[in-house]
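Heads up, final_0.txt below (compact mmCIF, C-alpha atoms):
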# COMPACT_ATOMS: atom_id res chain seq x y z
CA MET A 98 6.09 -46.22 -15.28
CA ASP A 99 9.60 -44.81 -14.89
CA LEU A 100 10.94 -43.20 -11.71
CA PHE A 101 10.51 -39.61 -12.90
CA THR A 102 6.86 -40.13 -13.91
CA ALA A 103 6.11 -41.84 -10.60
CA VAL A 104 7.75 -39.07 -8.56
CA GLU A 105 5.99 -36.37 -10.60
CA ALA A 106 2.59 -38.04 -10.08
CA PHE A 107 3.17 -38.49 -6.34
CA THR A 108 4.38 -34.89 -6.04
CA GLN A 109 1.20 -33.61 -7.67
CA ILE A 110 -1.08 -35.70 -5.46
CA ILE A 111 0.61 -34.89 -2.15
CA THR A 112 0.85 -31.18 -3.07
CA TYR A 113 -2.90 -30.98 -3.66
CA VAL A 114 -3.43 -32.75 -0.33
CA MET A 115 -1.13 -30.22 1.36
CA ILE A 116 -2.91 -27.27 -0.25
CA VAL A 117 -6.37 -28.35 0.93
CA ALA A 118 -5.11 -29.38 4.39
CA GLY A 119 -5.84 -25.88 5.64
CA ILE A 120 -9.55 -26.06 4.77
CA PRO A 121 -10.74 -27.71 8.04
CA SER A 122 -8.88 -25.12 10.14
CA CYS A 123 -10.30 -22.26 8.08
CA ILE A 124 -13.87 -23.58 8.27
CA ARG A 125 -13.53 -23.95 12.04
CA MET A 126 -12.06 -20.44 12.21
CA LEU A 127 -14.97 -18.99 10.23
CA ARG A 128 -17.45 -20.65 12.58
CA THR A 129 -15.78 -19.72 15.86
CA LYS A 130 -14.05 -16.46 14.84
CA VAL A 131 -10.97 -17.77 16.72
CA THR A 132 -7.69 -17.47 14.80
CA THR A 133 -5.41 -19.12 17.37
CA GLY A 134 -3.18 -21.75 15.78
CA VAL A 135 -4.01 -20.71 12.21
CA PRO A 136 -0.70 -20.17 10.33
CA TYR A 137 -1.50 -16.85 8.62
CA PRO A 138 2.18 -16.10 7.75
CA PHE A 139 2.34 -19.50 6.03
CA PHE A 140 -0.72 -18.67 3.91
CA LEU A 141 0.69 -15.24 3.00
CA ALA A 142 4.10 -16.63 2.07
CA GLY A 143 2.38 -19.47 0.21
CA CYS A 144 0.37 -17.06 -1.89
CA VAL A 145 3.44 -15.00 -2.81
CA ASN A 146 5.40 -18.15 -3.56
CA SER A 147 2.68 -19.68 -5.76
CA VAL A 148 2.33 -16.48 -7.81
CA MET A 149 6.11 -16.40 -8.36
CA ALA A 150 6.14 -20.10 -9.19
CA ILE A 151 3.51 -19.59 -11.91
CA GLY A 152 5.85 -17.14 -13.64
CA TYR A 153 8.79 -19.52 -13.27
CA GLY A 154 6.71 -22.43 -14.57
CA ILE A 155 5.78 -20.41 -17.66
CA LEU A 156 9.44 -19.61 -18.34
CA VAL A 157 10.63 -23.22 -18.02
CA ASP A 158 7.46 -24.55 -19.73
CA ASN A 159 6.53 -26.88 -16.86
CA LYS A 160 2.76 -27.48 -16.84
CA THR A 161 2.92 -29.36 -13.53
CA VAL A 162 4.37 -26.33 -11.75
CA ILE A 163 1.86 -23.96 -13.41
CA GLU A 164 -1.26 -26.02 -12.68
CA ILE A 165 -0.39 -26.77 -9.06
CA ASN A 166 0.46 -23.17 -8.26
CA LEU A 167 -2.68 -21.79 -9.91
CA PHE A 168 -4.70 -24.00 -7.56
CA ALA A 169 -2.45 -23.04 -4.63
CA THR A 170 -2.97 -19.33 -5.33
CA PHE A 171 -6.75 -19.75 -5.35
CA CYS A 172 -6.74 -21.66 -2.04
CA ASN A 173 -4.31 -19.31 -0.32
CA VAL A 174 -6.42 -16.30 -1.30
CA PHE A 175 -9.38 -18.06 0.36
CA TYR A 176 -7.33 -18.82 3.49
CA ILE A 177 -6.08 -15.24 3.73
CA GLY A 178 -9.57 -13.82 3.27
CA ALA A 179 -10.99 -16.20 5.88
CA PHE A 180 -8.33 -15.19 8.41
CA ILE A 181 -8.84 -11.45 7.91
CA TYR A 182 -12.63 -11.87 8.13
CA SER A 183 -12.34 -13.88 11.36
CA SER A 184 -9.63 -11.78 13.00
CA GLN A 185 -10.77 -9.36 15.71
CA SER A 186 -7.92 -6.98 14.93
CA LYS A 187 -7.63 -6.61 11.16
CA SER A 188 -4.99 -3.89 10.90
CA LEU A 189 -1.95 -6.18 11.23
CA PRO A 190 -3.05 -8.95 8.82
CA VAL A 191 -4.25 -6.36 6.27
CA SER A 192 -0.97 -4.44 6.46
CA GLN A 193 0.95 -7.71 6.03
CA LEU A 194 -1.19 -8.55 2.99
CA LEU A 195 -0.55 -5.12 1.49
CA GLY A 196 3.19 -5.54 2.08
CA CYS A 197 3.17 -8.89 0.27
CA SER A 198 1.12 -7.39 -2.59
CA PHE A 199 3.61 -4.55 -3.02
CA PHE A 200 6.42 -7.12 -3.06
CA VAL A 201 4.72 -9.12 -5.84
CA PHE A 202 3.96 -6.06 -7.99
CA GLY A 203 7.44 -4.65 -7.34
CA THR A 204 8.99 -7.93 -8.44
CA TYR A 205 6.86 -7.99 -11.58
CA PHE A 206 7.92 -4.43 -12.41
CA TYR A 207 11.59 -5.22 -11.83
CA VAL A 208 11.57 -8.42 -13.89
CA THR A 209 9.65 -6.94 -16.85
CA ARG A 210 11.13 -3.42 -16.91
CA LEU A 211 14.51 -3.31 -15.22
CA ALA A 212 16.12 -6.77 -15.19
CA ASN A 213 18.40 -7.94 -17.99
CA GLN A 214 16.08 -10.02 -20.18
CA ASP A 215 18.93 -12.36 -21.11
CA TYR A 216 19.03 -13.52 -17.48
CA VAL A 217 15.34 -13.18 -16.61
CA MET A 218 14.98 -16.93 -15.89
CA ASP A 219 17.81 -16.85 -13.36
CA THR A 220 16.41 -13.64 -11.87
CA ILE A 221 12.97 -15.16 -11.30
CA GLY A 222 14.61 -18.37 -10.13
CA MET A 223 16.55 -16.52 -7.43
CA ILE A 224 13.47 -14.57 -6.35
CA LEU A 225 11.47 -17.81 -6.25
CA LEU A 226 14.27 -19.42 -4.23
CA PHE A 227 14.02 -16.61 -1.69
CA CYS A 228 10.20 -16.74 -1.52
CA SER A 229 10.14 -20.53 -1.26
CA SER A 230 12.76 -20.48 1.49
CA VAL A 231 10.74 -17.93 3.48
CA LEU A 232 7.56 -19.98 2.97
CA LEU A 233 9.13 -23.28 3.97
CA LEU A 234 10.87 -21.83 7.00
CA THR A 235 7.67 -20.31 8.45
CA PRO A 236 6.93 -23.57 10.37
CA LEU A 237 9.88 -22.58 12.57
CA LEU A 238 7.77 -19.69 13.89
CA GLN A 239 5.41 -22.27 15.38
CA VAL A 240 8.39 -24.14 16.84
CA LYS A 241 9.47 -20.88 18.52
CA GLU A 242 5.96 -20.48 19.94
CA CYS A 243 6.04 -24.06 21.25
CA ILE A 244 9.33 -23.44 23.04
CA GLU A 245 8.03 -20.19 24.59
CA LYS A 246 4.70 -21.64 25.75
CA LYS A 247 5.99 -25.16 26.49
CA ASN A 248 3.07 -26.73 24.59
CA THR A 249 2.13 -27.70 21.03
CA ASP A 250 -1.28 -26.00 20.76
CA SER A 251 -0.15 -24.22 17.58
CA LEU A 252 0.89 -27.46 15.82
CA THR A 253 -1.45 -29.77 13.93
CA LEU A 254 -0.66 -33.13 12.35
CA THR A 255 -3.04 -32.28 9.48
CA MET A 256 -0.53 -29.65 8.35
CA MET A 257 2.69 -31.29 9.52
CA ILE A 258 2.39 -34.70 7.85
CA PRO A 259 1.27 -33.49 4.39
CA GLY A 260 3.83 -30.66 4.62
CA SER A 261 6.69 -33.06 5.31
CA LEU A 262 5.66 -35.41 2.51
CA CYS A 263 5.18 -32.48 0.15
CA CYS A 264 8.64 -31.04 0.81
CA GLY A 265 10.23 -34.47 0.44
CA ALA A 266 8.42 -35.09 -2.85
CA TRP A 267 9.35 -31.68 -4.32
CA ALA A 268 12.95 -32.07 -3.19
CA THR A 269 13.14 -35.43 -4.98
CA TYR A 270 11.38 -34.00 -8.06
CA GLY A 271 13.81 -31.07 -8.14
CA VAL A 272 16.82 -33.39 -7.87
CA LEU A 273 15.54 -35.46 -10.79
CA LEU A 274 15.06 -32.26 -12.79
CA LYS A 275 18.48 -31.03 -11.61
CA ASP A 276 16.78 -27.76 -10.69
CA PHE A 277 18.28 -26.21 -7.56
CA TYR A 278 15.53 -23.59 -7.43
CA ILE A 279 13.06 -26.43 -6.75
CA TYR A 280 14.95 -28.84 -4.50
CA GLY A 281 16.97 -26.26 -2.50
CA PRO A 282 14.14 -24.59 -0.55
CA ASN A 283 12.27 -27.87 -0.11
CA ILE A 284 15.22 -29.36 1.75
CA LEU A 285 14.96 -26.36 4.10
CA GLY A 286 11.23 -26.96 4.40
CA LEU A 287 11.70 -30.61 5.27
CA THR A 288 14.13 -29.53 7.98
CA SER A 289 11.50 -27.14 9.37
CA TYR A 290 8.91 -29.90 9.64
CA ILE A 291 11.42 -32.19 11.32
CA CYS A 292 11.93 -29.43 13.90
CA GLN A 293 8.14 -29.31 14.38
CA ALA A 294 8.06 -33.07 14.93
CA ILE A 295 10.83 -32.78 17.54
CA ALA A 296 8.93 -29.96 19.27
CA MET A 297 5.79 -32.11 19.35
CA LEU A 298 7.73 -34.96 20.94
CA VAL A 299 9.32 -32.68 23.53
CA TYR A 300 6.35 -30.45 24.39
CA GLY A 301 3.44 -32.68 23.37
CA GLY A 302 2.36 -33.12 26.96
CA GLY A 303 2.74 -29.44 27.83
CA ARG A 304 -0.98 -28.68 28.02
CA GLN A 305 -1.74 -31.71 30.13
CA LYS A 306 1.11 -30.88 32.49
CA SER A 307 -0.06 -27.31 32.95
CA GLU A 308 -3.64 -28.45 33.54
CA HIS A 309 -2.52 -30.90 36.25
CA THR A 310 -0.41 -28.17 37.80
CA ASP A 311 -3.40 -25.85 37.98

In structure tokens, write the structure found in this file.
Amino acid sequence: MDLFTAVEAFTQIITYVMIVAGIPSCIRMLRTKVTTGVPYPFFLAGCVNSVMAIGYGILVDNKTVIEINLFATFCNVFYIGAFIYSSQSKSLPVSQLLGCSFFVFGTYFYVTRLANQDYVMDTIGMILLFCSSVLLLTPLLQVKECIEKKNTDSLTLTMMIPGSLCCGAWATYGVLLKDFYIYGPNILGLTSYICQAIAMLVYGGGRQKSEHTD
């Protein structure tokens, strides 16, 4: 087995692990109707990104990208639906979902009707780069929350570890493919998860400290 085949296989496996990592949190959320700590923006951005990636995968004829993102789209739709169902206030998450939907349909209209078809691959690649960067930088929102609250209640290792490995694998896969649209945003994502790990080290005892103080 050559290096590329090994990296591609590992990337597929760890990506599927990352995609299903949200299932325990969503099941718990459906049972308790408590949405605290559930990364809804990550699921939204993930759904948009996976839909865009399917189109890019079709253009570059990469079955790995297509198959993984079809599965990711299905799971993210489930996560989004579970969050909206469990949320006490549904107006904000629904409006965010509608905004993302308009973005996807607007992008489709632009690419198929308005964009120069000679450069459609680069156009989708740039849009995918933007979506992937937004998706993979969303963990920084949880870092911001950790800094504000001085605890890591919003962070979970079940998302952080697979996420870090996933970004590292895709970054390596993109480098081997020499595809900046793949490895670029994943380097940003890996940086985001490193920031989460630092926040966990710094504020990991925040809850215990506050409890002792009380």

Report summary line: Closest of A:Ser183, A:Thr209, A:Ser229, A:Ser147 to Phe168 of chain A, counting all atoms listed in the file, is A:Ser147

Query raised in the report: Contacts of Leu285 of chain A at 12 Å or less, counting only C-alpha atoms, minus same-chain residues fewer than 4 places along, as JSON, numbers by chain?
Result: {"A": [226, 227, 229, 230, 231, 232, 233, 234, 235, 236, 237, 260, 261, 264, 265, 267, 268, 278, 279, 280, 281, 289, 290, 291, 292]}

Query - Option closest in space to Leu254 of chain A, from A:Val272, A:Met297, A:Ile177, A:Leu194 [counting all atoms listed in the file] - result: A:Met297

Requested in this report: Pick out the residues sitting within 8 Å of segment 103-111 of chain A, and hand them over as number ranges by chain; count only C-alpha atoms, and ignore anything fewer than 2 positions along from it in its own chain.
Outcome: A: 98-101, 113-115, 161, 165, 259, 262-263, 266-267, 269-270

Write out as a PDB file with C-alpha atoms, in the coordinates of the input each polymer residue whose atoms come within 12 Å of segment 157-159 of chain A, counting only C-alpha atoms; drop sequence neighbours fewer than 2 positions from it.
ATOM      1  CA  GLU A 105       5.990 -36.370 -10.600  1.00  0.00           C
ATOM      2  CA  ALA A 150       6.140 -20.100  -9.190  1.00  0.00           C
ATOM      3  CA  ILE A 151       3.510 -19.590 -11.910  1.00  0.00           C
ATOM      4  CA  GLY A 152       5.850 -17.140 -13.640  1.00  0.00           C
ATOM      5  CA  TYR A 153       8.790 -19.520 -13.270  1.00  0.00           C
ATOM      6  CA  GLY A 154       6.710 -22.430 -14.570  1.00  0.00           C
ATOM      7  CA  ILE A 155       5.780 -20.410 -17.660  1.00  0.00           C
ATOM      8  CA  THR A 161       2.920 -29.360 -13.530  1.00  0.00           C
ATOM      9  CA  VAL A 162       4.370 -26.330 -11.750  1.00  0.00           C
ATOM     10  CA  ILE A 163       1.860 -23.960 -13.410  1.00  0.00           C
ATOM     11  CA  GLU A 164      -1.260 -26.020 -12.680  1.00  0.00           C
ATOM     12  CA  ILE A 165      -0.390 -26.770  -9.060  1.00  0.00           C
ATOM     13  CA  ASN A 166       0.460 -23.170  -8.260  1.00  0.00           C
ATOM     14  CA  VAL A 217      15.340 -13.180 -16.610  1.00  0.00           C
ATOM     15  CA  MET A 218      14.980 -16.930 -15.890  1.00  0.00           C
ATOM     16  CA  ASP A 219      17.810 -16.850 -13.360  1.00  0.00           C
ATOM     17  CA  ILE A 221      12.970 -15.160 -11.300  1.00  0.00           C
ATOM     18  CA  GLY A 222      14.610 -18.370 -10.130  1.00  0.00           C
ATOM     19  CA  LEU A 274      15.060 -32.260 -12.790  1.00  0.00           C
ATOM     20  CA  ASP A 276      16.780 -27.760 -10.690  1.00  0.00           C
ATOM     21  CA  TYR A 278      15.530 -23.590  -7.430  1.00  0.00           C
ATOM     22  CA  ILE A 279      13.060 -26.430  -6.750  1.00  0.00           C
TER      23      ILE A 279
END

**Report entry** Contacts of Gln193 of chain A within 10 Å, only C-alpha atoms, excl. fewer than 6 positions in-chain, as a list in words
**Finding:** Tyr137, Pro138, Leu141 and Phe199 of chain A

Report task. For Asp250 of chain A, work out the shell of residues within 10 Å, counting all atoms listed in the file and skipping chain neighbours fewer than 4 positions away, then give it as JSON, numbers by chain. Result -> {"A": [133, 134, 239, 242, 243, 246, 297, 300, 301, 303, 304]}

Okay, now the selection with C-alpha atoms, as a compact mmCIF listing (two decimals), in the frame of the given file?
# COMPACT_ATOMS: atom_id res chain seq x y z
CA THR A 133 -5.41 -19.12 17.37
CA GLY A 134 -3.18 -21.75 15.78
CA GLN A 239 5.41 -22.27 15.38
CA GLU A 242 5.96 -20.48 19.94
CA CYS A 243 6.04 -24.06 21.25
CA LYS A 246 4.70 -21.64 25.75
CA MET A 297 5.79 -32.11 19.35
CA TYR A 300 6.35 -30.45 24.39
CA GLY A 301 3.44 -32.68 23.37
CA GLY A 303 2.74 -29.44 27.83
CA ARG A 304 -0.98 -28.68 28.02

Calculate, to one decimal in Å, the centre and edge lengths of the box along x, y and z of the file that holds all listed atoms of segment 153-162 of chain A with 6 Å of margin on each side, and present them as AutoDock Vina command-line options.
--center_x 6.7 --center_y -24.4 --center_z -15.7 --size_x 19.9 --size_y 21.8 --size_z 20.0

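Closest approach to Glu245 of chain A among A:Ser122, A:Ala296, A:Phe171, A:Tyr176: A:Ala296, based on only C-alpha atoms.
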
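Using only C-alpha atoms, the smallest distance between any of A:Tyr207, A:Cys228, A:Phe140, A:Leu127 and Tyr182 of chain A comes from A:Leu127.
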
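With only C-alpha atoms as the atoms that count, the minimum distance from Ile181 of chain A to the choices A:Gly271, A:Ser198, A:Asn146, A:Lys130 is reached by A:Lys130.
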
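Atom CA of Thr255 of chain A is positioned 25.9 Å from atom CA of Cys197 of chain A.
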
Please produce segment 251-285 of chain A, completed to N, CA and C atoms, as a PDB file, keeping the file's coordinate frame.
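Output (rebuild-v2.pdb):
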ATOM      1  N   SER A 251      -0.187 -24.844  18.901  1.00  0.00           N
ATOM      2  CA  SER A 251      -0.150 -24.220  17.580  1.00  0.00           C
ATOM      3  C   SER A 251       0.205 -25.208  16.466  1.00  0.00           C
ATOM      4  N   LEU A 252       0.510 -26.459  16.819  1.00  0.00           N
ATOM      5  CA  LEU A 252       0.890 -27.460  15.820  1.00  0.00           C
ATOM      6  C   LEU A 252      -0.263 -28.426  15.553  1.00  0.00           C
ATOM      7  N   THR A 253      -0.426 -28.789  14.292  1.00  0.00           N
ATOM      8  CA  THR A 253      -1.450 -29.770  13.930  1.00  0.00           C
ATOM      9  C   THR A 253      -0.838 -30.802  12.982  1.00  0.00           C
ATOM     10  N   LEU A 254      -1.161 -32.065  13.214  1.00  0.00           N
ATOM     11  CA  LEU A 254      -0.660 -33.130  12.350  1.00  0.00           C
ATOM     12  C   LEU A 254      -1.227 -33.022  10.945  1.00  0.00           C
ATOM     13  N   THR A 255      -2.425 -32.412  10.805  1.00  0.00           N
ATOM     14  CA  THR A 255      -3.040 -32.280   9.480  1.00  0.00           C
ATOM     15  C   THR A 255      -2.236 -31.366   8.564  1.00  0.00           C
ATOM     16  N   MET A 256      -1.421 -30.488   9.148  1.00  0.00           N
ATOM     17  CA  MET A 256      -0.530 -29.650   8.350  1.00  0.00           C
ATOM     18  C   MET A 256       0.879 -30.226   8.300  1.00  0.00           C
ATOM     19  N   MET A 257       1.318 -30.821   9.411  1.00  0.00           N
ATOM     20  CA  MET A 257       2.690 -31.290   9.520  1.00  0.00           C
ATOM     21  C   MET A 257       2.992 -32.485   8.606  1.00  0.00           C
ATOM     22  N   ILE A 258       2.122 -33.489   8.632  1.00  0.00           N
ATOM     23  CA  ILE A 258       2.390 -34.700   7.850  1.00  0.00           C
ATOM     24  C   ILE A 258       2.346 -34.432   6.348  1.00  0.00           C
ATOM     25  N   PRO A 259       1.263 -33.803   5.821  1.00  0.00           N
ATOM     26  CA  PRO A 259       1.270 -33.490   4.390  1.00  0.00           C
ATOM     27  C   PRO A 259       2.419 -32.550   4.004  1.00  0.00           C
ATOM     28  N   GLY A 260       2.741 -31.600   4.902  1.00  0.00           N
ATOM     29  CA  GLY A 260       3.830 -30.660   4.620  1.00  0.00           C
ATOM     30  C   GLY A 260       5.168 -31.363   4.483  1.00  0.00           C
ATOM     31  N   SER A 261       5.437 -32.313   5.370  1.00  0.00           N
ATOM     32  CA  SER A 261       6.690 -33.060   5.310  1.00  0.00           C
ATOM     33  C   SER A 261       6.779 -33.891   4.030  1.00  0.00           C
ATOM     34  N   LEU A 262       5.687 -34.587   3.718  1.00  0.00           N
ATOM     35  CA  LEU A 262       5.660 -35.410   2.510  1.00  0.00           C
ATOM     36  C   LEU A 262       5.790 -34.547   1.256  1.00  0.00           C
ATOM     37  N   CYS A 263       5.153 -33.381   1.296  1.00  0.00           N
ATOM     38  CA  CYS A 263       5.180 -32.480   0.150  1.00  0.00           C
ATOM     39  C   CYS A 263       6.601 -31.963  -0.105  1.00  0.00           C
ATOM     40  N   CYS A 264       7.270 -31.530   0.956  1.00  0.00           N
ATOM     41  CA  CYS A 264       8.640 -31.040   0.810  1.00  0.00           C
ATOM     42  C   CYS A 264       9.576 -32.147   0.322  1.00  0.00           C
ATOM     43  N   GLY A 265       9.404 -33.345   0.871  1.00  0.00           N
ATOM     44  CA  GLY A 265      10.230 -34.470   0.440  1.00  0.00           C
ATOM     45  C   GLY A 265      10.009 -34.812  -1.021  1.00  0.00           C
ATOM     46  N   ALA A 266       8.740 -34.773  -1.456  1.00  0.00           N
ATOM     47  CA  ALA A 266       8.420 -35.090  -2.850  1.00  0.00           C
ATOM     48  C   ALA A 266       8.998 -34.038  -3.808  1.00  0.00           C
ATOM     49  N   TRP A 267       8.817 -32.747  -3.455  1.00  0.00           N
ATOM     50  CA  TRP A 267       9.350 -31.680  -4.320  1.00  0.00           C
ATOM     51  C   TRP A 267      10.867 -31.673  -4.347  1.00  0.00           C
ATOM     52  N   ALA A 268      11.492 -31.993  -3.223  1.00  0.00           N
ATOM     53  CA  ALA A 268      12.950 -32.070  -3.190  1.00  0.00           C
ATOM     54  C   ALA A 268      13.439 -33.167  -4.137  1.00  0.00           C
ATOM     55  N   THR A 269      12.773 -34.322  -4.091  1.00  0.00           N
ATOM     56  CA  THR A 269      13.140 -35.430  -4.980  1.00  0.00           C
ATOM     57  C   THR A 269      12.890 -35.060  -6.437  1.00  0.00           C
ATOM     58  N   TYR A 270      11.739 -34.434  -6.698  1.00  0.00           N
ATOM     59  CA  TYR A 270      11.380 -34.000  -8.060  1.00  0.00           C
ATOM     60  C   TYR A 270      12.409 -33.001  -8.593  1.00  0.00           C
ATOM     61  N   GLY A 271      12.818 -32.060  -7.736  1.00  0.00           N
ATOM     62  CA  GLY A 271      13.810 -31.070  -8.140  1.00  0.00           C
ATOM     63  C   GLY A 271      15.164 -31.690  -8.436  1.00  0.00           C
ATOM     64  N   VAL A 272      15.555 -32.689  -7.629  1.00  0.00           N
ATOM     65  CA  VAL A 272      16.820 -33.390  -7.870  1.00  0.00           C
ATOM     66  C   VAL A 272      16.793 -34.106  -9.215  1.00  0.00           C
ATOM     67  N   LEU A 273      15.662 -34.757  -9.516  1.00  0.00           N
ATOM     68  CA  LEU A 273      15.540 -35.460 -10.790  1.00  0.00           C
ATOM     69  C   LEU A 273      15.569 -34.489 -11.972  1.00  0.00           C
ATOM     70  N   LEU A 274      15.019 -33.283 -11.758  1.00  0.00           N
ATOM     71  CA  LEU A 274      15.060 -32.260 -12.790  1.00  0.00           C
ATOM     72  C   LEU A 274      16.405 -31.529 -12.835  1.00  0.00           C
ATOM     73  N   LYS A 275      17.219 -31.747 -11.793  1.00  0.00           N
ATOM     74  CA  LYS A 275      18.480 -31.030 -11.610  1.00  0.00           C
ATOM     75  C   LYS A 275      18.246 -29.524 -11.545  1.00  0.00           C
ATOM     76  N   ASP A 276      17.180 -29.162 -10.826  1.00  0.00           N
ATOM     77  CA  ASP A 276      16.780 -27.760 -10.690  1.00  0.00           C
ATOM     78  C   ASP A 276      16.924 -27.346  -9.228  1.00  0.00           C
ATOM     79  N   PHE A 277      18.008 -26.629  -8.931  1.00  0.00           N
ATOM     80  CA  PHE A 277      18.280 -26.210  -7.560  1.00  0.00           C
ATOM     81  C   PHE A 277      17.191 -25.303  -7.004  1.00  0.00           C
ATOM     82  N   TYR A 278      16.564 -24.500  -7.889  1.00  0.00           N
ATOM     83  CA  TYR A 278      15.530 -23.590  -7.430  1.00  0.00           C
ATOM     84  C   TYR A 278      14.304 -24.336  -6.901  1.00  0.00           C
ATOM     85  N   ILE A 279      14.167 -25.611  -7.249  1.00  0.00           N
ATOM     86  CA  ILE A 279      13.060 -26.430  -6.750  1.00  0.00           C
ATOM     87  C   ILE A 279      13.490 -27.228  -5.521  1.00  0.00           C
ATOM     88  N   TYR A 280      14.611 -27.950  -5.618  1.00  0.00           N
ATOM     89  CA  TYR A 280      14.950 -28.840  -4.500  1.00  0.00           C
ATOM     90  C   TYR A 280      15.607 -28.112  -3.318  1.00  0.00           C
ATOM     91  N   GLY A 281      16.282 -26.981  -3.574  1.00  0.00           N
ATOM     92  CA  GLY A 281      16.970 -26.260  -2.500  1.00  0.00           C
ATOM     93  C   GLY A 281      16.041 -25.849  -1.362  1.00  0.00           C
ATOM     94  N   PRO A 282      15.018 -25.037  -1.642  1.00  0.00           N
ATOM     95  CA  PRO A 282      14.140 -24.590  -0.550  1.00  0.00           C
ATOM     96  C   PRO A 282      13.337 -25.717   0.081  1.00  0.00           C
ATOM     97  N   ASN A 283      13.055 -26.773  -0.671  1.00  0.00           N
ATOM     98  CA  ASN A 283      12.270 -27.870  -0.110  1.00  0.00           C
ATOM     99  C   ASN A 283      13.081 -28.703   0.884  1.00  0.00           C
ATOM    100  N   ILE A 284      14.379 -28.726   0.725  1.00  0.00           N
ATOM    101  CA  ILE A 284      15.220 -29.360   1.750  1.00  0.00           C
ATOM    102  C   ILE A 284      15.145 -28.560   3.039  1.00  0.00           C
ATOM    103  N   LEU A 285      15.132 -27.216   2.917  1.00  0.00           N
ATOM    104  CA  LEU A 285      14.960 -26.360   4.100  1.00  0.00           C
ATOM    105  C   LEU A 285      13.597 -26.609   4.740  1.00  0.00           C
TER     106      LEU A 285
END
